[in-house]
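Engineer: Have a look at the structure that comes next, please.
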Protein chains: 2
Amino acid sequence: MQDAVTDAGNNVRALKAEKKDKAEIDAAIAKLKELKLELDTEIKAAMAAGDEAAAAKEQFRSKMNGALEQRLFYIPSFKIYGGVAGLYDYGPPGCAVKSNLQAFWRQHFVLNEAMLEVECPSVTPEVVLKASGHVEKFTDLMVNDVVTKDCFRADHLVEENLERMLADPMISADKRRELEDMLARLEEFTPEEMGDAITKLAIKAPETKNDLTAPYPFNLMFPTQIGPSGALQGYLRPETAQGIFVNFRDLLYYNGGKLPFAAAQIGQSFRNEIAPRAGLLRVREFTQAEIEHFVHPEQKDHSRFAEVADVMLSLFSRDAQLGAVKKPFPMTIGEAVEKGIVANQTLGYFIARTQTFLEKIGVNPERLRFRQHLQHEMAHYAEDCWDAEIECSYGWIECVGLADRSAFDLKAHSDKSKVELTAYERFAEPKMVETLVVEPNKKDMGKAFKKDAKAVTDALMALCQEDALALAAKVEADGKAELKIEGGSVEILPGMVKIAMETQKVSGRNFTPSVIEPSFGIGRIMYCMFEHSFYIRPEDEQKTVFRFSPIIAPIKCTIFPLVNDAGMNDLAGTISRVLATEGISSKLDTTAVSVGKRYARTDELGVPFAVTVDHRSLQDNTVTIRERDSCDQVRVAVDDVLPLIKKLCNLQATWEEATAGLEKQAAASD
Amino acid sequence: MQDAVTDAGNNVRALKAEKKDKAEIDAAIAKLKELKLELDTEIKAAMAAGDEAAAAKEQFRSKMNGALEQRLFYIPSFKIYGGVAGLYDYGPPGCAVKSNLQAFWRQHFVLNEAMLEVECPSVTPEVVLKASGHVEKFTDLMVNDVVTKDCFRADHLVEENLERMLADPMISADKRRELEDMLARLEEFTPEEMGDAITKLAIKAPETKNDLTAPYPFNLMFPTQIGPSGALQGYLRPETAQGIFVNFRDLLYYNGGKLPFAAAQIGQSFRNEIAPRAGLLRVREFTQAEIEHFVHPEQKDHSRFAEVADVMLSLFSRDAQLGAVKKPFPMTIGEAVEKGIVANQTLGYFIARTQTFLEKIGVNPERLRFRQHLQHEMAHYAEDCWDAEIECSYGWIECVGLADRSAFDLKAHSDKSKVELTAYERFAEPKMVETLVVEPNKKDMGKAFKKDAKAVTDALMALCQEDALALAAKVEADGKAELKIEGGSVEILPGMVKIAMETQKVSGRNFTPSVIEPSFGIGRIMYCMFEHSFYIRPEDEQKTVFRFSPIIAPIKCTIFPLVNDAGMNDLAGTISRVLATEGISSKLDTTAVSVGKRYARTDELGVPFAVTVDHRSLQDNTVTIRERDSCDQVRVAVDDVLPLIKKLCNLQATWEEATAGLEKQAAASD
């Protein structure tokens, strides 16, 4: 429609330029006016629809958050002191859901693939985070209100301004392109570029409208000091991954020196966000579950890839993002790897396993996609990166990052620590290799350099091939050569060191493994899962339900005596204890309120099954079991309760399968 | 013997004073010399025996730590960078043991008693820790070397010096008493007293022998800043308890307003120790599991006390510590509560449950005692405190603290936050109560104080009975009275407020609950459990074993094909998968080494059971199962493996019970 208006406008201008007769021009103008009116109506309708959709999302979110807070899934931390932005507690059901989610993650990844799990501290000395690059680069650009000194994230301010300007349908196509381009590149702006954008868009402090300072990088790590002297700078870890990398050598040894192997860690990470927003999605302390899968850089096939090759994914590849349609497409991971869309089998294997994991815990697969990083989003060393993005009321949210990080991390820690972090591979056949040989003459060294002899030897051994040969040539030519050592330099004279290229038979080599890193944000996954699980019963606005998978539900089963009767209470207690023997958590509800109210209460917590002990139970030793979402009820013998619930909770059968042939019960008591 | 020497010496002096004849005196002197010689020999023998015992302990510990580090139960954190004192990683088996220990804790306490579990952040704003007293009081006394500025814990230096002096058998009884008294009171020394002790004992810096600064308090919390402005001071939490206290109001509501109830939290805590020592026992980051059981202050009986009344404990009560024998005594918790040795049933209930918990995870009950805090060790508000102490090579180690903390914590947070943290109780009969009534006259207030009206009203309502009546009296006497309000003061005139005592019918009251707090140090318990589980097979110095309980063992079962044979490998794989269906972790070991070596390898990890698939397995579908500690083997049908292992792992039967009647197998293959 925008194009039609532009065409009509051009047409009028052309007719005028060609000095066509007035009737023709007037007709063209009338046509243009008509089109403009249509466009205007269309825009207004789209905006109204957009507003309505946004309002519906807001309302959904506010209903759900109400239900979550009411039942203490979450509590703003330190609430009696007014809370702290970006910090949340998990109350009892939230804690149980999180614990179930983590246990299932451990089962699905760690146990299923015999990964090596580790647990490392949050307090981390600076040297580790210098090596990883976090001290230098883990920053957001910040600006201050020049008067109040209030802090803002520069990209947020620019983004909001750009979005507001782009919402205006009357801006020119050129302007639109320019703003859209700015919006797309925002995340990579240098402080200078961000400053230019602020100046160009004339952005002021949001409330005071004061001027802003120039943008400057703010490090997002929480700083601390280790020990009493204040001499050892530390940080709270911004991710759990580094704890695995620094242990690579020990873990490889534990694994018998063999590759590939994976290590995993579940634990807290910390990011001192400038301005936490988006509620539970952007927090300052959160649980990560990270896997580091170490592989030979040239052998990235995966032995169990065939098991997942048929898993269907929604892939939003780089090409799809940059192409005309800008939509993800369905494809099996087998095809995606074969076509080179996903870089290799191991990365593909974890993408597919992530899809299965998220589906099993209750993420709606229609609102899940894997988005490939654009070239400029990836670090220079990364081979390929995909994010599992889940759609929720805040939009598409990155919940899992899956990256082939090549050898970057191990090399960085090896360089900094001077500890070799490599694996060894034996060649199929020994090879004859031209190798640099550096052999210091120990006696001469000791005589010439005394206590510095070790430093000189170290410096010689550390020379790369080019430098070593240059040194040897200089000694031969000039009779001496200068060598830099730790804290100074020394003179190398003839005879002190033998430096030469020699042909040697070598049977293997050390190499730095590549690492493929699936990294899960537990809190974000949990939040999106809550959104996908929440609904309101059509018959009653007040009846909220979470359709949690039985593996995730905080409690698996509630047990009600129909009325307050000693016999019924006893039987209910017995059933609860029998379930407990197999680790199935249940909750006895003996309050005297109506069964309908009690069902509503368990629905609010997402409890999948409810056992009711009624008058008939005392006669024939049967009870009813109700399924949460269908509200179906069946009658079963007391002895069959445990096997039935267990089968349902282990996902070995659906409700329909498990209850086929059982006596259906009218939901009279509901 | 010391007494005999003293007596003999006195005797000699008496004889001399009485000027007895020389022969008699000489005989007495000879006797004295003889006794002194005997004492000397005795002391030397005792010291040698002591040294030997100490050396044996050292050797045991070094063997065990070697085994732990070799198999990556622990790894010094950031090892490739030289490590950081007081920070340790858990490697794969350590992680699994810890995870099992926590899961069992959750089952034994949280699930068994339907406690409300929460999870709160580690990053905590200062206001919370000011209320709890940690900002002011969570300190150790520190001294510095005046030249090098090195930091030392003052109490450690004084303690070491005192112990060295006390080791000298020749010091006088008076001196000994003085030093022992100092040692006993050391922990409560003020900075001045500690400084006096350092001066008196002439203590210098340990290595340099330089002078030391005066002792000063060093706060053990890790400091950090929350948010970008640096304006919000924060700390890493020194304990998990505060997260529960600040949520009391919501948790009480969640529990339907009913007392008693308990909340629990498992999570990381942080203490920036001045000089971490004692290896894994004193670390800077550790996992705590804490329970806060809220009760009516006058109703501390426990509904399930009868279940534990017969649990036998080793109690080291205050009287036993201060009496002559200084030894713990055995007693049931029922008797201890009845006799008033333990203050109340609820505290007693948790002491007994702690005993059961520790025994089940493998702590040797003969090396476990409950030591009551002496009066001066307890905070002024505490009603009664007991520590579960476990003996290990470092001595008796406090692993669990059990304290009746009265209403202190809730009151402290209520005072600081101005949020009422109370429960409500309905009286059996409504009571007529003389009550202070304060009724500000809204209209007058608004007219007189405008925008300050609310602050004035708040100030009036906050007056205690005494102040309110005094104010009323002053207004009546002087026609006006000054009232302090937030940020200033105002004048109260007659008619502005009604203040009077009135008799009202009240049907209940709000009160601050007491809290009983069992607090578990997971890492310390785990370390002591390791010591109690470790042994070396008598027949081979190299064969180390951990006799882990099946509920704690990192892996429950190893599965070996006797030789590398496809049929055996298949069957082993099938058994492993069958065990996995019931969540029993197993490890397939198909390495070609001897079965004996493979058994040794599983012993080092403390795996309780090993299934071997042998030639006969392929004929009659039976396998052997070996028990780790007895090395007994039985032969069972493949189909019986799962039920047998499951029963053993759930502690539903001992090995002897479970295998009675099964075919014993000679350990030929071992």
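Identifiers in the structure tokens: chain A, B, ... in order shown; residue index from 1 per chain; ligand index from 1 in order shown.
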If we count only C-alpha atoms and set the cut-off at 12 Å, which residues sit around His293 of chain A, ignoring sequence neighbours fewer than 6 positions away in its own chain? Please answer as a PyMOL selection string.

Structural biologist: chain A and resi 109-110+113-117+241+244-245+248+251-252+259-265+300+302+346-347+349-350+402-407+513-519

Engineer: Taking the DSSP secondary structure from the backbone, can you list the residues of segment 472-515 of chain B that are helix (DSSP H, G or I), as a CSV table (one decimal) with C-alpha atoms, in the first residue's frame?

Structural biologist:
```
chain,number,residue,atom,x,y,z
B,472,ALA,CA,-1.4,14.0,76.7
B,473,ALA,CA,-0.5,15.1,80.2
B,474,LYS,CA,1.7,17.9,78.9
B,475,VAL,CA,-0.9,19.2,76.4
B,476,GLU,CA,-3.4,19.3,79.3
B,477,ALA,CA,-1.0,21.0,81.7
B,478,ASP,CA,0.8,23.4,79.3
```

Engineer: Considering only C-alpha atoms, give me a table of residues in chain B that are at most 7 Å from chain A, with the closest atom pair and distance in Å for each, as JSON lines.

Structural biologist:
```
{"residue": "B:Ser77", "atom": "CA", "partner": "A:Cys120", "partner_atom": "CA", "distance": 6.9}
{"residue": "B:Phe78", "atom": "CA", "partner": "A:Val246", "partner_atom": "CA", "distance": 6.1}
{"residue": "B:Ile80", "atom": "CA", "partner": "A:Ser417", "partner_atom": "CA", "distance": 6.1}
{"residue": "B:Tyr81", "atom": "CA", "partner": "A:Ser417", "partner_atom": "CA", "distance": 5.6}
{"residue": "B:Leu87", "atom": "CA", "partner": "A:Pro121", "partner_atom": "CA", "distance": 6.8}
{"residue": "B:Tyr88", "atom": "CA", "partner": "A:Cys120", "partner_atom": "CA", "distance": 6.9}
{"residue": "B:Asp89", "atom": "CA", "partner": "A:Cys120", "partner_atom": "CA", "distance": 4.5}
{"residue": "B:Tyr90", "atom": "CA", "partner": "A:Glu119", "partner_atom": "CA", "distance": 5.0}
{"residue": "B:Gly91", "atom": "CA", "partner": "A:Val118", "partner_atom": "CA", "distance": 4.8}
{"residue": "B:Pro92", "atom": "CA", "partner": "A:Glu117", "partner_atom": "CA", "distance": 4.8}
{"residue": "B:Cys95", "atom": "CA", "partner": "A:Val118", "partner_atom": "CA", "distance": 5.8}
{"residue": "B:Leu116", "atom": "CA", "partner": "A:Pro92", "partner_atom": "CA", "distance": 5.2}
{"residue": "B:Glu117", "atom": "CA", "partner": "A:Pro92", "partner_atom": "CA", "distance": 4.9}
{"residue": "B:Val118", "atom": "CA", "partner": "A:Gly91", "partner_atom": "CA", "distance": 4.7}
{"residue": "B:Glu119", "atom": "CA", "partner": "A:Tyr90", "partner_atom": "CA", "distance": 5.0}
{"residue": "B:Cys120", "atom": "CA", "partner": "A:Asp89", "partner_atom": "CA", "distance": 4.5}
{"residue": "B:Pro121", "atom": "CA", "partner": "A:Glu285", "partner_atom": "CA", "distance": 6.6}
{"residue": "B:Cys151", "atom": "CA", "partner": "A:Ser229", "partner_atom": "CA", "distance": 6.8}
{"residue": "B:Phe222", "atom": "CA", "partner": "A:Thr224", "partner_atom": "CA", "distance": 6.3}
{"residue": "B:Pro223", "atom": "CA", "partner": "A:Thr224", "partner_atom": "CA", "distance": 5.7}
{"residue": "B:Thr224", "atom": "CA", "partner": "A:Thr224", "partner_atom": "CA", "distance": 5.2}
{"residue": "B:Gln225", "atom": "CA", "partner": "A:Phe222", "partner_atom": "CA", "distance": 6.7}
{"residue": "B:Ile226", "atom": "CA", "partner": "A:Asn272", "partner_atom": "CA", "distance": 6.5}
{"residue": "B:Gly227", "atom": "CA", "partner": "A:Ile274", "partner_atom": "CA", "distance": 5.7}
{"residue": "B:Pro228", "atom": "CA", "partner": "A:Ile274", "partner_atom": "CA", "distance": 5.4}
{"residue": "B:Ser229", "atom": "CA", "partner": "A:Cys151", "partner_atom": "CA", "distance": 6.8}
{"residue": "B:Val246", "atom": "CA", "partner": "A:Phe78", "partner_atom": "CA", "distance": 6.1}
{"residue": "B:Asn272", "atom": "CA", "partner": "A:Gly227", "partner_atom": "CA", "distance": 5.8}
{"residue": "B:Glu273", "atom": "CA", "partner": "A:Gly227", "partner_atom": "CA", "distance": 6.5}
{"residue": "B:Ile274", "atom": "CA", "partner": "A:Pro228", "partner_atom": "CA", "distance": 5.4}
{"residue": "B:Glu285", "atom": "CA", "partner": "A:Pro121", "partner_atom": "CA", "distance": 6.6}
{"residue": "B:Ser417", "atom": "CA", "partner": "A:Tyr81", "partner_atom": "CA", "distance": 5.6}
{"residue": "B:Val419", "atom": "CA", "partner": "A:Ile80", "partner_atom": "CA", "distance": 6.4}
```

Engineer: Find the residues around Val12 of chain A up to 7 Å (only C-alpha atoms counted), leave out those fewer than 2 positions away in its own chain, and share them as a list in words.

Structural biologist: Ala8, Gly9, Asn10, Ala14, Leu15, Lys16, Ile25, Ala28 and Ile29 of chain A

Engineer: Could you name the residues that touch Tyr599 of chain B at 9 Å or less, counting only C-alpha atoms, but leaving out those on the same chain fewer than 4 positions away, as a ChimeraX atom specification?

Structural biologist: /B:558,594-595,603-604,610,628,670

Engineer: Using N, CA, C and O atoms, can you export the residues from the last selection as a PDB file, in the first residue's frame?

Structural biologist:
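Written file, result25.pdb:
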```pdb
ATOM      1  N   THR B 558      28.884 -50.642  39.567  1.00  0.00           N
ATOM      2  CA  THR B 558      29.668 -50.753  38.334  1.00  0.00           C
ATOM      3  C   THR B 558      29.314 -52.064  37.671  1.00  0.00           C
ATOM      4  O   THR B 558      28.945 -53.025  38.340  1.00  0.00           O
ATOM      5  N   SER B 594      42.370 -56.365  34.341  1.00  0.00           N
ATOM      6  CA  SER B 594      41.871 -57.470  35.158  1.00  0.00           C
ATOM      7  C   SER B 594      40.688 -57.016  36.010  1.00  0.00           C
ATOM      8  O   SER B 594      40.581 -55.837  36.357  1.00  0.00           O
ATOM      9  N   VAL B 595      39.824 -57.966  36.335  1.00  0.00           N
ATOM     10  CA  VAL B 595      38.675 -57.631  37.169  1.00  0.00           C
ATOM     11  C   VAL B 595      39.138 -57.081  38.520  1.00  0.00           C
ATOM     12  O   VAL B 595      38.539 -56.161  39.065  1.00  0.00           O
ATOM     13  N   ASP B 603      36.390 -49.367  44.138  1.00  0.00           N
ATOM     14  CA  ASP B 603      36.554 -49.155  45.584  1.00  0.00           C
ATOM     15  C   ASP B 603      37.026 -47.732  45.875  1.00  0.00           C
ATOM     16  O   ASP B 603      36.595 -47.105  46.843  1.00  0.00           O
ATOM     17  N   GLU B 604      37.940 -47.238  45.042  1.00  0.00           N
ATOM     18  CA  GLU B 604      38.481 -45.887  45.247  1.00  0.00           C
ATOM     19  C   GLU B 604      37.387 -44.827  45.159  1.00  0.00           C
ATOM     20  O   GLU B 604      37.510 -43.758  45.742  1.00  0.00           O
ATOM     21  N   ALA B 610      29.149 -54.197  42.570  1.00  0.00           N
ATOM     22  CA  ALA B 610      29.703 -54.427  41.240  1.00  0.00           C
ATOM     23  C   ALA B 610      29.075 -55.685  40.656  1.00  0.00           C
ATOM     24  O   ALA B 610      29.073 -56.746  41.283  1.00  0.00           O
ATOM     25  N   ARG B 628      31.160 -54.251  48.233  1.00  0.00           N
ATOM     26  CA  ARG B 628      32.465 -53.590  48.341  1.00  0.00           C
ATOM     27  C   ARG B 628      33.254 -53.936  49.600  1.00  0.00           C
ATOM     28  O   ARG B 628      34.431 -54.309  49.523  1.00  0.00           O
ATOM     29  N   ASP B 670      38.711 -62.195  41.583  1.00  0.00           N
ATOM     30  CA  ASP B 670      39.173 -60.949  42.201  1.00  0.00           C
ATOM     31  C   ASP B 670      40.694 -60.874  42.142  1.00  0.00           C
ATOM     32  O   ASP B 670      41.410 -61.150  43.043  1.00  0.00           O
TER      33      ASP B 670
END
```

Engineer: Considering only C-alpha atoms, return as a list in words whatever protein or nucleic-acid residues lie within 7 Å of His532 of chain A, sequence-local ones (same chain, fewer than 2 positions apart) excluded.

Structural biologist: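 Counting only C-alpha atoms, the residues come to Val363, Asn364, Cys528, Met529, Phe530 and Phe534 of chain A.
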
Engineer: Extract the full set of strand (DSSP E or B) residues from segment 80-325 of chain B according to DSSP on the backbone, and format it as a PyMOL selection string.

Structural biologist: chain B and resi 88-90+116-117+119+123-125+139-145+151-153+212+216-219+223-226+232-236+261-270+285-295+312-316

Engineer: Residues at most 7 Å from segment 193-204 of chain B, counting only C-alpha atoms, excluding those fewer than 4 positions away in the same chain, as a list in words?

Structural biologist: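 Counting only the stated atoms, we get Val158, Phe189, Lys209, Asn210, Asp211, Leu212, Ala214 and Pro215 of chain B.
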
Engineer: Keeping only C-alpha atoms, write the selected residues to a file as a tab-separated table (two decimals), in the first residue's frame.

Structural biologist:
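selection-v7.tsv written:
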```
chain	number	residue	atom	x	y	z
B	158	VAL	CA	47.64	-16.20	70.76
B	189	PHE	CA	38.29	-11.17	73.93
B	209	LYS	CA	59.52	-11.79	64.09
B	210	ASN	CA	58.52	-8.16	63.53
B	211	ASP	CA	56.19	-6.33	65.91
B	212	LEU	CA	52.44	-6.58	65.41
B	214	ALA	CA	47.12	-3.56	67.84
B	215	PRO	CA	44.28	-5.99	67.05
```

Engineer: Considering only C-alpha atoms, return as a list in words whatever protein or nucleic-acid residues lie within 6 Å of segment 491-495 of chain B, sequence-local ones (same chain, fewer than 3 positions apart) excluded.

Structural biologist: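 Here the qualifying residues turn out to be Lys480, Ala481 and Glu482 of chain B.
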
Engineer: Choose the residue, out of A:Lys258, A:Val325, A:Ile499, A:Leu315, that has the smallest atom-to-atom separation from Trp386 of chain A; count only C-alpha atoms.

Structural biologist: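 That would be A:Leu315, the residue with the smallest distance to Trp386 of chain A.
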